[in-house]
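Undergrad: Structure: input23.cif, mmCIF, C-alpha atoms.
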```
data_coords
#
loop_
_atom_site.group_PDB
_atom_site.id
_atom_site.type_symbol
_atom_site.label_atom_id
_atom_site.label_comp_id
_atom_site.auth_asym_id
_atom_site.auth_seq_id
_atom_site.Cartn_x
_atom_site.Cartn_y
_atom_site.Cartn_z
ATOM 1 C CA MET P 146 11.433 -19.208 0.479
ATOM 2 C CA ILE P 147 10.193 -16.999 3.312
ATOM 3 C CA ILE P 148 13.100 -15.026 4.799
ATOM 4 C CA LEU P 149 12.805 -14.311 8.522
ATOM 5 C CA LYS P 150 14.428 -11.091 9.727
ATOM 6 C CA SER P 151 16.464 -10.581 12.873
ATOM 7 C CA MET P 152 15.519 -7.839 15.316
ATOM 8 C CA ALA P 153 18.507 -5.813 14.057
ATOM 9 C CA GLU P 154 17.264 -6.124 10.470
ATOM 10 C CA ILE P 155 13.745 -5.152 11.528
ATOM 11 C CA GLU P 156 15.157 -1.993 13.121
ATOM 12 C CA VAL P 157 16.793 -1.036 9.795
ATOM 13 C CA MET P 158 13.487 -1.761 8.040
ATOM 14 C CA ALA P 159 11.789 0.501 10.581
ATOM 15 C CA ASP P 160 14.187 3.285 9.561
ATOM 16 C CA ALA P 161 13.398 2.724 5.861
ATOM 17 C CA ASN P 162 9.689 2.738 6.592
ATOM 18 C CA LYS P 163 9.990 5.865 8.755
ATOM 19 C CA ILE P 164 11.165 7.703 5.636
ATOM 20 C CA VAL P 165 8.159 6.302 3.724
ATOM 21 C CA GLY P 166 5.785 7.391 6.478
ATOM 22 C CA GLU P 167 7.219 10.902 6.622
ATOM 23 C CA VAL P 168 7.036 11.292 2.842
ATOM 24 C CA LEU P 169 3.431 10.094 2.711
ATOM 25 C CA GLN P 170 2.486 12.471 5.526
ATOM 26 C CA LEU P 171 4.124 15.326 3.599
ATOM 27 C CA LEU P 172 2.230 14.381 0.441
ATOM 28 C CA ARG P 173 -1.068 14.096 2.345
ATOM 29 C CA GLU P 174 -0.589 17.710 3.426
ATOM 30 C CA GLN P 175 0.414 18.851 -0.073
ATOM 31 C CA VAL P 176 -2.389 17.283 -2.137
ATOM 32 C CA LYS P 177 -4.667 19.933 -3.624
ATOM 33 C CA ALA P 178 -6.705 20.647 -6.733
ATOM 34 C CA GLY P 179 -4.681 22.005 -9.641
ATOM 35 C CA MET P 180 -1.563 19.921 -8.956
ATOM 36 C CA THR P 181 -0.414 17.249 -11.348
ATOM 37 C CA THR P 182 0.496 13.777 -10.184
ATOM 38 C CA ASP P 183 4.041 14.524 -11.355
ATOM 39 C CA ASP P 184 4.163 17.477 -8.946
ATOM 40 C CA LEU P 185 3.637 14.986 -6.118
ATOM 41 C CA ASP P 186 6.311 12.695 -7.533
ATOM 42 C CA GLN P 187 8.873 15.483 -7.592
ATOM 43 C CA ILE P 188 8.092 16.392 -3.965
ATOM 44 C CA ALA P 189 8.492 12.738 -2.968
ATOM 45 C CA ASN P 190 11.725 12.223 -4.893
ATOM 46 C CA GLU P 191 13.339 15.215 -3.229
ATOM 47 C CA ALA P 192 12.047 14.294 0.247
ATOM 48 C CA ILE P 193 13.272 10.680 -0.013
ATOM 49 C CA LYS P 194 16.769 11.695 -1.092
ATOM 50 C CA LYS P 195 16.955 14.454 1.555
ATOM 51 C CA ARG P 196 16.405 11.739 4.189
ATOM 52 C CA GLY P 197 19.162 9.525 2.801
ATOM 53 C CA GLY P 198 16.879 7.073 1.029
ATOM 54 C CA ILE P 199 16.673 5.771 -2.516
ATOM 55 C CA PRO P 200 13.315 5.721 -4.367
ATOM 56 C CA THR P 201 12.782 1.959 -4.723
ATOM 57 C CA PHE P 202 10.252 2.154 -7.542
ATOM 58 C CA ILE P 203 12.535 3.940 -10.030
ATOM 59 C CA GLY P 204 13.861 1.306 -12.404
ATOM 60 C CA TYR P 205 11.842 -1.546 -10.871
ATOM 61 C CA ARG P 206 10.961 -3.620 -13.961
ATOM 62 C CA GLY P 207 11.467 -0.395 -15.914
ATOM 63 C CA TYR P 208 9.121 1.765 -13.805
ATOM 64 C CA PRO P 209 10.114 5.425 -14.307
ATOM 65 C CA LYS P 210 8.957 7.287 -11.173
ATOM 66 C CA SER P 211 9.288 7.469 -7.361
ATOM 67 C CA LEU P 212 5.562 7.033 -6.633
ATOM 68 C CA CYS P 213 2.485 5.314 -7.965
ATOM 69 C CA THR P 214 -0.348 7.894 -8.066
ATOM 70 C CA SER P 215 -3.697 6.245 -8.777
ATOM 71 C CA VAL P 216 -6.661 8.611 -9.216
ATOM 72 C CA ASN P 217 -10.345 7.654 -8.892
ATOM 73 C CA GLU P 218 -10.896 4.558 -11.080
ATOM 74 C CA GLU P 219 -7.154 3.806 -11.123
ATOM 75 C CA VAL P 220 -6.522 0.959 -8.670
ATOM 76 C CA VAL P 221 -2.713 0.792 -8.433
ATOM 77 C CA HIS P 222 0.524 1.399 -10.370
ATOM 78 C CA ALA P 223 -0.543 4.593 -12.176
ATOM 79 C CA ILE P 224 2.535 6.491 -13.365
ATOM 80 C CA PRO P 225 2.804 10.139 -12.258
ATOM 81 C CA GLY P 226 2.493 12.546 -15.150
ATOM 82 C CA SER P 227 0.426 15.438 -16.460
ATOM 83 C CA ARG P 228 -2.918 14.345 -14.949
ATOM 84 C CA VAL P 229 -4.334 17.301 -13.001
ATOM 85 C CA LEU P 230 -6.049 16.663 -9.680
ATOM 86 C CA ASN P 231 -9.570 18.078 -9.416
ATOM 87 C CA GLU P 232 -11.690 18.911 -6.395
ATOM 88 C CA GLY P 233 -13.538 15.762 -5.355
ATOM 89 C CA ASP P 234 -10.989 13.299 -6.738
ATOM 90 C CA ILE P 235 -9.429 10.617 -4.588
ATOM 91 C CA ILE P 236 -5.807 9.566 -5.062
ATOM 92 C CA GLY P 237 -3.925 6.500 -3.916
ATOM 93 C CA ILE P 238 -0.254 7.294 -3.261
ATOM 94 C CA ASP P 239 2.141 4.337 -3.013
ATOM 95 C CA CYS P 240 5.750 4.949 -1.967
ATOM 96 C CA GLY P 241 8.783 2.679 -1.629
ATOM 97 C CA VAL P 242 12.158 3.578 -0.130
ATOM 98 C CA THR P 243 15.417 1.637 0.066
ATOM 99 C CA TYR P 244 17.629 2.517 3.040
ATOM 100 C CA LYS P 245 20.769 0.661 4.147
ATOM 101 C CA GLY P 246 19.856 -2.238 1.890
ATOM 102 C CA PHE P 247 16.274 -2.738 3.087
ATOM 103 C CA VAL P 248 12.958 -1.636 1.599
ATOM 104 C CA GLY P 249 10.038 0.227 3.154
ATOM 105 C CA ASP P 250 6.654 0.266 1.403
ATOM 106 C CA SER P 251 3.359 1.940 2.276
ATOM 107 C CA ALA P 252 0.334 3.523 0.599
ATOM 108 C CA ILE P 253 -2.515 5.859 1.486
ATOM 109 C CA THR P 254 -5.626 7.105 -0.289
ATOM 110 C CA VAL P 255 -6.628 10.718 0.277
ATOM 111 C CA GLY P 256 -9.312 13.064 -0.963
ATOM 112 C CA VAL P 257 -8.624 16.179 -3.031
ATOM 113 C CA GLY P 258 -10.484 18.946 -1.227
ATOM 114 C CA GLU P 259 -14.123 18.118 -0.452
ATOM 115 C CA ILE P 260 -15.060 14.604 -1.537
ATOM 116 C CA SER P 261 -18.404 12.812 -1.639
ATOM 117 C CA ALA P 262 -19.772 10.839 1.289
ATOM 118 C CA ALA P 263 -19.516 7.700 -0.834
ATOM 119 C CA ALA P 264 -15.817 8.305 -1.490
ATOM 120 C CA GLN P 265 -15.210 9.056 2.190
ATOM 121 C CA GLN P 266 -16.793 5.757 3.166
ATOM 122 C CA LEU P 267 -14.765 3.780 0.618
ATOM 123 C CA ILE P 268 -11.530 5.272 1.963
ATOM 124 C CA ARG P 269 -12.520 4.671 5.585
ATOM 125 C CA VAL P 270 -13.572 1.060 5.060
ATOM 126 C CA THR P 271 -10.444 0.245 3.040
ATOM 127 C CA GLU P 272 -8.194 1.571 5.804
ATOM 128 C CA GLU P 273 -10.224 -0.257 8.439
ATOM 129 C CA SER P 274 -9.854 -3.496 6.487
ATOM 130 C CA LEU P 275 -6.081 -3.011 6.447
ATOM 131 C CA TYR P 276 -5.932 -2.703 10.229
ATOM 132 C CA LEU P 277 -8.197 -5.717 10.728
ATOM 133 C CA GLY P 278 -5.802 -7.705 8.547
ATOM 134 C CA ILE P 279 -2.799 -6.422 10.508
ATOM 135 C CA GLU P 280 -4.352 -7.682 13.762
ATOM 136 C CA LYS P 281 -3.952 -11.232 12.407
ATOM 137 C CA ILE P 282 -0.153 -10.938 12.054
ATOM 138 C CA VAL P 283 0.469 -12.957 15.188
ATOM 139 C CA GLU P 284 2.779 -15.944 15.601
ATOM 140 C CA GLY P 285 0.879 -19.160 14.913
ATOM 141 C CA ASN P 286 -1.801 -17.615 12.712
ATOM 142 C CA ARG P 287 -1.790 -18.234 8.966
ATOM 143 C CA ILE P 288 -1.539 -15.927 5.950
ATOM 144 C CA GLY P 289 -5.145 -16.768 5.027
ATOM 145 C CA ASP P 290 -6.307 -15.230 8.299
ATOM 146 C CA ILE P 291 -5.093 -11.823 7.097
ATOM 147 C CA GLY P 292 -6.946 -11.903 3.787
ATOM 148 C CA ALA P 293 -10.099 -13.335 5.348
ATOM 149 C CA ALA P 294 -10.271 -10.413 7.797
ATOM 150 C CA VAL P 295 -9.709 -7.846 5.038
ATOM 151 C CA GLN P 296 -12.282 -9.431 2.733
ATOM 152 C CA ALA P 297 -15.002 -9.849 5.354
ATOM 153 C CA HIS P 298 -14.913 -6.188 6.337
ATOM 154 C CA ALA P 299 -14.864 -4.796 2.787
ATOM 155 C CA GLU P 300 -17.641 -7.073 1.572
ATOM 156 C CA LYS P 301 -19.812 -6.171 4.563
ATOM 157 C CA PHE P 302 -20.171 -2.745 2.936
ATOM 158 C CA GLY P 303 -20.913 -4.157 -0.521
ATOM 159 C CA TYR P 304 -17.428 -3.514 -1.889
ATOM 160 C CA SER P 305 -15.247 -5.856 -3.948
ATOM 161 C CA ILE P 306 -11.716 -6.999 -3.178
ATOM 162 C CA VAL P 307 -9.248 -6.888 -6.070
ATOM 163 C CA THR P 308 -7.909 -10.423 -6.454
ATOM 164 C CA ASP P 309 -5.517 -9.886 -9.381
ATOM 165 C CA PHE P 310 -2.970 -8.115 -7.154
ATOM 166 C CA VAL P 311 -1.870 -9.038 -3.651
ATOM 167 C CA GLY P 312 0.395 -8.024 -0.782
ATOM 168 C CA HIS P 313 3.789 -9.594 -0.237
ATOM 169 C CA GLY P 314 6.736 -10.293 1.979
ATOM 170 C CA ILE P 315 9.313 -7.504 2.055
ATOM 171 C CA GLY P 316 12.945 -7.127 3.101
ATOM 172 C CA ARG P 317 16.066 -6.643 1.016
ATOM 173 C CA GLN P 318 13.737 -6.953 -1.986
ATOM 174 C CA MET P 319 10.454 -5.111 -2.392
ATOM 175 C CA HIS P 320 8.627 -8.322 -3.279
ATOM 176 C CA GLU P 321 9.519 -11.460 -1.335
ATOM 177 C CA GLU P 322 7.638 -14.587 -0.355
ATOM 178 C CA PRO P 323 4.975 -15.113 0.798
ATOM 179 C CA GLN P 324 2.214 -13.592 -1.274
ATOM 180 C CA VAL P 325 -0.392 -11.986 1.004
ATOM 181 C CA PRO P 326 -3.825 -12.008 -0.687
ATOM 182 C CA ASN P 327 -6.548 -9.631 0.504
ATOM 183 C CA TYR P 328 -9.027 -12.522 0.450
ATOM 184 C CA GLY P 329 -9.024 -16.088 1.642
ATOM 185 C CA LYS P 330 -10.101 -18.577 4.255
ATOM 186 C CA PRO P 331 -9.041 -18.523 7.905
ATOM 187 C CA GLY P 332 -6.551 -21.218 8.839
ATOM 188 C CA THR P 333 -5.068 -21.577 5.349
ATOM 189 C CA GLY P 334 -1.702 -20.634 3.877
ATOM 190 C CA PRO P 335 1.779 -20.439 5.405
ATOM 191 C CA ARG P 336 2.043 -20.159 9.162
ATOM 192 C CA ILE P 337 3.034 -16.736 10.472
ATOM 193 C CA LYS P 338 6.303 -16.679 12.415
ATOM 194 C CA VAL P 339 8.240 -14.106 14.426
ATOM 195 C CA GLY P 340 10.641 -12.377 12.036
ATOM 196 C CA MET P 341 8.271 -12.298 9.070
ATOM 197 C CA VAL P 342 7.819 -8.844 7.548
ATOM 198 C CA LEU P 343 4.730 -8.460 5.386
ATOM 199 C CA ALA P 344 3.321 -5.689 3.210
ATOM 200 C CA VAL P 345 -0.467 -5.885 3.529
ATOM 201 C CA GLU P 346 -2.248 -3.762 0.920
ATOM 202 C CA PRO P 347 -5.997 -4.031 0.383
ATOM 203 C CA MET P 348 -7.319 -2.673 -2.918
ATOM 204 C CA VAL P 349 -11.063 -2.179 -2.554
ATOM 205 C CA ASN P 350 -13.473 -1.290 -5.376
ATOM 206 C CA GLN P 351 -16.872 0.393 -5.202
ATOM 207 C CA GLY P 352 -18.183 -1.867 -7.942
ATOM 208 C CA THR P 353 -16.882 -4.987 -9.628
ATOM 209 C CA ALA P 354 -13.610 -6.625 -8.580
ATOM 210 C CA ALA P 355 -12.664 -6.893 -12.261
ATOM 211 C CA VAL P 356 -9.715 -4.764 -13.362
ATOM 212 C CA GLU P 357 -7.697 -4.183 -16.518
ATOM 213 C CA VAL P 358 -4.226 -2.853 -17.307
ATOM 214 C CA LEU P 359 -4.013 0.165 -19.593
ATOM 215 C CA GLY P 360 -1.750 0.548 -22.608
ATOM 216 C CA ASP P 361 1.205 1.857 -20.561
ATOM 217 C CA ASP P 362 1.476 -1.701 -19.166
ATOM 218 C CA TRP P 363 1.340 -0.361 -15.604
ATOM 219 C CA THR P 364 -1.865 1.494 -14.758
ATOM 220 C CA VAL P 365 -4.549 -0.804 -13.342
ATOM 221 C CA VAL P 366 -8.151 0.483 -13.553
ATOM 222 C CA THR P 367 -11.529 -0.840 -12.500
ATOM 223 C CA LYS P 368 -13.378 -2.389 -15.444
ATOM 224 C CA ASP P 369 -16.557 -0.481 -14.574
ATOM 225 C CA ARG P 370 -14.550 2.734 -13.942
ATOM 226 C CA LYS P 371 -15.957 3.085 -10.437
ATOM 227 C CA LEU P 372 -13.748 4.294 -7.589
ATOM 228 C CA SER P 373 -11.026 2.215 -5.975
ATOM 229 C CA ALA P 374 -9.049 2.821 -2.772
ATOM 230 C CA HIS P 375 -5.689 1.396 -1.648
ATOM 231 C CA PHE P 376 -3.890 1.344 1.692
ATOM 232 C CA GLU P 377 -0.676 -0.437 2.647
ATOM 233 C CA HIS P 378 1.640 -0.876 5.619
ATOM 234 C CA SER P 379 4.804 -2.891 6.148
ATOM 235 C CA ILE P 380 4.418 -4.947 9.325
ATOM 236 C CA ALA P 381 6.839 -7.116 11.305
ATOM 237 C CA CYS P 382 5.609 -10.093 13.313
ATOM 238 C CA THR P 383 7.282 -9.838 16.724
ATOM 239 C CA SER P 384 6.934 -11.815 19.942
ATOM 240 C CA GLN P 385 4.764 -8.919 21.170
ATOM 241 C CA GLY P 386 2.496 -9.068 18.115
ATOM 242 C CA PRO P 387 2.361 -6.966 14.917
ATOM 243 C CA ARG P 388 4.637 -3.943 14.668
ATOM 244 C CA ILE P 389 3.591 -1.502 11.941
ATOM 245 C CA LEU P 390 6.956 -0.300 10.671
ATOM 246 C CA SER P 391 5.551 2.315 8.265
ATOM 247 C CA LYS P 392 3.301 3.993 10.833
ATOM 248 C CA LEU P 393 4.891 7.175 12.149
ATOM 249 C CA GLY P 394 5.985 6.687 15.748
ATOM 250 C CA ALA P 395 6.151 2.882 15.403
#
```
What would you get if you wrote out this structure as structure tokens?

TA:
Amino acid sequence: MIILKSMAEIEVMADANKIVGEVLQLLREQVKAGMTTDDLDQIANEAIKKRGGIPTFIGYRGYPKSLCTSVNEEVVHAIPGSRVLNEGDIIGIDCGVTYKGFVGDSAITVGVGEISAAAQQLIRVTEESLYLGIEKIVEGNRIGDIGAAVQAHAEKFGYSIVTDFVGHGIGRQMHEEPQVPNYGKPGTGPRIKVGMVLAVEPMVNQGTAAVEVLGDDWTVVTKDRKLSAHFEHSIACTSQGPRILSKLGA
């Protein structure tokens, strides 16, 4: 069942997502070679709690940390730990916060110091594909319109869309209906209505779309070990169009 949110509920979700946005901005500024992914997690945990939030990911299906920190060939869901960031790496940082009973969820991919032109392009195109998908979150459109826009842009550059993992509705739970694939055909899927809040999160690979889950049962990596990038926003469909709740200043 797709749960529509009232304007009052969307305002609370905006507050939850504001915390997410501020934490991700802090982490973007902090990322540097020599840090471990657990260093970033500790910064995030402290920053979330300081703002009155609860780290949503901790305990979710047994997940142990506040962030997912996916480096280079890691697509999503990598657990922060002792992995040291090196100059030229890229890292996807996914953060979830619960505040006053509602969840905010967003992700960015950033470079560690100077990164290659190829990595820069992958990051840029992935973020562009996210925003093209967001433009489709308009009353009367369909969920398939979002994924079709994401897929068309990524594939134009020769990249692959990860199909094993998708975006989702969000609200009092981190994962609600509907699923929001990053691929699809225009005009298909559930109709978009005012009050829907969706987490759109393209995962875009340099090489094959094929992925595998490592032995920790969480970390998803590209099968060919080429780079992957990930961006995510939580967006409300309003009568004025899409409102990006996790974008600072939204």

Undergrad: What's the separation between atom CA of P:Ser251 and atom CA of P:Lys392, in Å to one decimal place?

TA: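 Atom CA of P:Lys392 lies at a distance of 8.8 Å from atom CA of P:Ser251.
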
Undergrad: Step by step, work through what the PyMOL selection byres ((chain P and resi 328) around 6) selects in the shown file, and finish by giving those residues as a PDB file with C-alpha atoms, keeping the file's coordinate frame.

TA:
```pdb
ATOM      1  CA  GLY P 292      -6.946 -11.903   3.787  1.00  0.00           C
ATOM      2  CA  ALA P 293     -10.099 -13.335   5.348  1.00  0.00           C
ATOM      3  CA  GLN P 296     -12.282  -9.431   2.733  1.00  0.00           C
ATOM      4  CA  PRO P 326      -3.825 -12.008  -0.687  1.00  0.00           C
ATOM      5  CA  ASN P 327      -6.548  -9.631   0.504  1.00  0.00           C
ATOM      6  CA  GLY P 329      -9.024 -16.088   1.642  1.00  0.00           C
TER       7      GLY P 329
END
```

Undergrad: So which one's closest to P:Ser261, P:Ile199, P:Ser379, P:Leu185, P:Leu372? Using all atoms listed in the file, please.

TA: P:Leu372

Undergrad: Could you list, as a PyMOL selection string, every residue matched by the PyMOL selection byres ((chain P and resi 300) around 12) in this structure?

TA: chain P and resi 267+270-271+274+292-299+301-307+327-328+349-354

Undergrad: Out of P:Ala374, P:Glu346, P:His222, P:Ile380, which residue has the shortest atom-to-atom distance to P:Asp234 when counting only C-alpha atoms?

TA: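 Comparing P:Ala374, P:Glu346, P:His222, P:Ile380 against P:Asp234, the winner is P:Ala374.
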
Undergrad: Go ahead and compute the interatomic distance for atom CA of P:Leu169 and atom CA of P:Lys281, in Å to one decimal.

TA: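 Between atom CA of P:Leu169 and atom CA of P:Lys281 the gap is 24.6 Å.
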
Undergrad: List every protein, DNA or RNA residue that has an atom no more than 9 Å from (8.8, -11.0, 7.6) in the file's coordinate frame, counting all atoms listed in the file, and report them as a list of chain:residue names.

TA: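 Checking each residue against the 9 Å limit leaves P:Ile147, P:Ile148, P:Leu149, P:Lys150, P:Ile155, P:Gly314, P:Ile315, P:Gly316, P:Glu321, P:Glu322, P:Pro323, P:Ile337, P:Lys338, P:Val339, P:Gly340, P:Met341, P:Val342, P:Leu343, P:Ala344, P:Ile380, P:Ala381, P:Cys382.
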
Undergrad: Apply the PyMOL selection byres ((chain P and resi 238) around 7) to the file shown and report the selected residues as a PyMOL selection string.

TA: chain P and resi 212-215+236-237+239-240+252-254

Undergrad: If you count all atoms listed in the file, which residues fall within 12 Å of P:Gly166, apart from same-chain ones fewer than 4 positions away, as a PyMOL selection string?

TA: chain P and resi 159-162+170-173+189+192-193+196+238-242+249-253+377-379+389-395

Undergrad: What separation in Å, quoted to one decimal, exists between atom CA of P:Lys368 and atom CA of P:Ile203?

TA: 27.2 Å

Undergrad: Tell me which of P:Gly332, P:Pro347, P:Gly179, P:Pro225 sits closest to P:Gly258, counting all atoms listed in the file.

TA: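 Distance minimum relative to P:Gly258 lands on P:Gly179.
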
Undergrad: Could you give me stretch 228-260 of chain P completed to N, CA and C atoms, formatted as a PDB file, in the coordinates of the input?

TA:
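Listed below is the output, result10.pdb:
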```pdb
ATOM      1  N   ARG P 228      -1.525  14.359 -15.426  1.00  0.00           N
ATOM      2  CA  ARG P 228      -2.918  14.345 -14.949  1.00  0.00           C
ATOM      3  C   ARG P 228      -3.084  15.362 -13.823  1.00  0.00           C
ATOM      4  N   VAL P 229      -4.059  16.248 -13.980  1.00  0.00           N
ATOM      5  CA  VAL P 229      -4.334  17.301 -13.001  1.00  0.00           C
ATOM      6  C   VAL P 229      -5.370  16.803 -12.007  1.00  0.00           C
ATOM      7  N   LEU P 230      -5.095  17.033 -10.721  1.00  0.00           N
ATOM      8  CA  LEU P 230      -6.049  16.663  -9.680  1.00  0.00           C
ATOM      9  C   LEU P 230      -7.164  17.704  -9.600  1.00  0.00           C
ATOM     10  N   ASN P 231      -8.403  17.212  -9.514  1.00  0.00           N
ATOM     11  CA  ASN P 231      -9.570  18.078  -9.416  1.00  0.00           C
ATOM     12  C   ASN P 231     -10.241  17.914  -8.061  1.00  0.00           C
ATOM     13  N   GLU P 232     -10.912  18.972  -7.631  1.00  0.00           N
ATOM     14  CA  GLU P 232     -11.690  18.911  -6.395  1.00  0.00           C
ATOM     15  C   GLU P 232     -12.648  17.717  -6.462  1.00  0.00           C
ATOM     16  N   GLY P 233     -12.646  16.910  -5.403  1.00  0.00           N
ATOM     17  CA  GLY P 233     -13.538  15.762  -5.355  1.00  0.00           C
ATOM     18  C   GLY P 233     -12.914  14.459  -5.788  1.00  0.00           C
ATOM     19  N   ASP P 234     -11.714  14.531  -6.395  1.00  0.00           N
ATOM     20  CA  ASP P 234     -10.989  13.299  -6.738  1.00  0.00           C
ATOM     21  C   ASP P 234     -10.515  12.593  -5.469  1.00  0.00           C
ATOM     22  N   ILE P 235     -10.211  11.303  -5.607  1.00  0.00           N
ATOM     23  CA  ILE P 235      -9.429  10.617  -4.588  1.00  0.00           C
ATOM     24  C   ILE P 235      -8.161  10.088  -5.266  1.00  0.00           C
ATOM     25  N   ILE P 236      -7.078  10.017  -4.498  1.00  0.00           N
ATOM     26  CA  ILE P 236      -5.807   9.566  -5.062  1.00  0.00           C
ATOM     27  C   ILE P 236      -5.104   8.605  -4.105  1.00  0.00           C
ATOM     28  N   GLY P 237      -4.740   7.457  -4.648  1.00  0.00           N
ATOM     29  CA  GLY P 237      -3.925   6.500  -3.916  1.00  0.00           C
ATOM     30  C   GLY P 237      -2.461   6.799  -4.197  1.00  0.00           C
ATOM     31  N   ILE P 238      -1.679   6.973  -3.131  1.00  0.00           N
ATOM     32  CA  ILE P 238      -0.254   7.294  -3.261  1.00  0.00           C
ATOM     33  C   ILE P 238       0.545   6.158  -2.628  1.00  0.00           C
ATOM     34  N   ASP P 239       1.335   5.481  -3.442  1.00  0.00           N
ATOM     35  CA  ASP P 239       2.141   4.337  -3.013  1.00  0.00           C
ATOM     36  C   ASP P 239       3.606   4.731  -3.113  1.00  0.00           C
ATOM     37  N   CYS P 240       4.361   4.497  -2.033  1.00  0.00           N
ATOM     38  CA  CYS P 240       5.750   4.949  -1.967  1.00  0.00           C
ATOM     39  C   CYS P 240       6.645   3.821  -1.451  1.00  0.00           C
ATOM     40  N   GLY P 241       7.791   3.646  -2.087  1.00  0.00           N
ATOM     41  CA  GLY P 241       8.783   2.679  -1.629  1.00  0.00           C
ATOM     42  C   GLY P 241      10.137   3.344  -1.480  1.00  0.00           C
ATOM     43  N   VAL P 242      10.846   2.991  -0.409  1.00  0.00           N
ATOM     44  CA  VAL P 242      12.158   3.578  -0.130  1.00  0.00           C
ATOM     45  C   VAL P 242      13.138   2.478   0.249  1.00  0.00           C
ATOM     46  N   THR P 243      14.333   2.527  -0.338  1.00  0.00           N
ATOM     47  CA  THR P 243      15.417   1.637   0.066  1.00  0.00           C
ATOM     48  C   THR P 243      16.395   2.429   0.929  1.00  0.00           C
ATOM     49  N   TYR P 244      16.739   1.860   2.090  1.00  0.00           N
ATOM     50  CA  TYR P 244      17.629   2.517   3.040  1.00  0.00           C
ATOM     51  C   TYR P 244      18.502   1.459   3.696  1.00  0.00           C
ATOM     52  N   LYS P 245      19.805   1.618   3.581  1.00  0.00           N
ATOM     53  CA  LYS P 245      20.769   0.661   4.147  1.00  0.00           C
ATOM     54  C   LYS P 245      20.457  -0.768   3.722  1.00  0.00           C
ATOM     55  N   GLY P 246      20.042  -0.908   2.460  1.00  0.00           N
ATOM     56  CA  GLY P 246      19.856  -2.238   1.890  1.00  0.00           C
ATOM     57  C   GLY P 246      18.509  -2.883   2.120  1.00  0.00           C
ATOM     58  N   PHE P 247      17.603  -2.186   2.834  1.00  0.00           N
ATOM     59  CA  PHE P 247      16.274  -2.738   3.087  1.00  0.00           C
ATOM     60  C   PHE P 247      15.197  -1.798   2.553  1.00  0.00           C
ATOM     61  N   VAL P 248      14.039  -2.375   2.257  1.00  0.00           N
ATOM     62  CA  VAL P 248      12.958  -1.636   1.599  1.00  0.00           C
ATOM     63  C   VAL P 248      11.819  -1.355   2.572  1.00  0.00           C
ATOM     64  N   GLY P 249      11.283  -0.140   2.478  1.00  0.00           N
ATOM     65  CA  GLY P 249      10.038   0.227   3.154  1.00  0.00           C
ATOM     66  C   GLY P 249       8.974   0.497   2.103  1.00  0.00           C
ATOM     67  N   ASP P 250       7.722   0.172   2.405  1.00  0.00           N
ATOM     68  CA  ASP P 250       6.654   0.266   1.403  1.00  0.00           C
ATOM     69  C   ASP P 250       5.338   0.549   2.107  1.00  0.00           C
ATOM     70  N   SER P 251       4.639   1.580   1.660  1.00  0.00           N
ATOM     71  CA  SER P 251       3.359   1.940   2.276  1.00  0.00           C
ATOM     72  C   SER P 251       2.532   2.742   1.274  1.00  0.00           C
ATOM     73  N   ALA P 252       1.222   2.768   1.485  1.00  0.00           N
ATOM     74  CA  ALA P 252       0.334   3.523   0.599  1.00  0.00           C
ATOM     75  C   ALA P 252      -0.842   4.088   1.391  1.00  0.00           C
ATOM     76  N   ILE P 253      -1.329   5.225   0.919  1.00  0.00           N
ATOM     77  CA  ILE P 253      -2.515   5.859   1.486  1.00  0.00           C
ATOM     78  C   ILE P 253      -3.431   6.284   0.343  1.00  0.00           C
ATOM     79  N   THR P 254      -4.703   6.469   0.650  1.00  0.00           N
ATOM     80  CA  THR P 254      -5.626   7.105  -0.289  1.00  0.00           C
ATOM     81  C   THR P 254      -6.206   8.334   0.393  1.00  0.00           C
ATOM     82  N   VAL P 255      -6.167   9.460  -0.300  1.00  0.00           N
ATOM     83  CA  VAL P 255      -6.628  10.718   0.277  1.00  0.00           C
ATOM     84  C   VAL P 255      -7.575  11.417  -0.697  1.00  0.00           C
ATOM     85  N   GLY P 256      -8.414  12.272  -0.155  1.00  0.00           N
ATOM     86  CA  GLY P 256      -9.312  13.064  -0.963  1.00  0.00           C
ATOM     87  C   GLY P 256      -8.660  14.367  -1.391  1.00  0.00           C
ATOM     88  N   VAL P 257      -9.083  14.876  -2.532  1.00  0.00           N
ATOM     89  CA  VAL P 257      -8.624  16.179  -3.031  1.00  0.00           C
ATOM     90  C   VAL P 257      -9.719  17.186  -2.689  1.00  0.00           C
ATOM     91  N   GLY P 258      -9.470  18.000  -1.678  1.00  0.00           N
ATOM     92  CA  GLY P 258     -10.484  18.946  -1.227  1.00  0.00           C
ATOM     93  C   GLY P 258     -11.693  18.222  -0.650  1.00  0.00           C
ATOM     94  N   GLU P 259     -12.874  18.740  -0.935  1.00  0.00           N
ATOM     95  CA  GLU P 259     -14.123  18.118  -0.452  1.00  0.00           C
ATOM     96  C   GLU P 259     -14.477  16.940  -1.350  1.00  0.00           C
ATOM     97  N   ILE P 260     -14.684  15.778  -0.756  1.00  0.00           N
ATOM     98  CA  ILE P 260     -15.060  14.604  -1.537  1.00  0.00           C
ATOM     99  C   ILE P 260     -16.434  14.107  -1.092  1.00  0.00           C
TER     100      ILE P 260
END
```
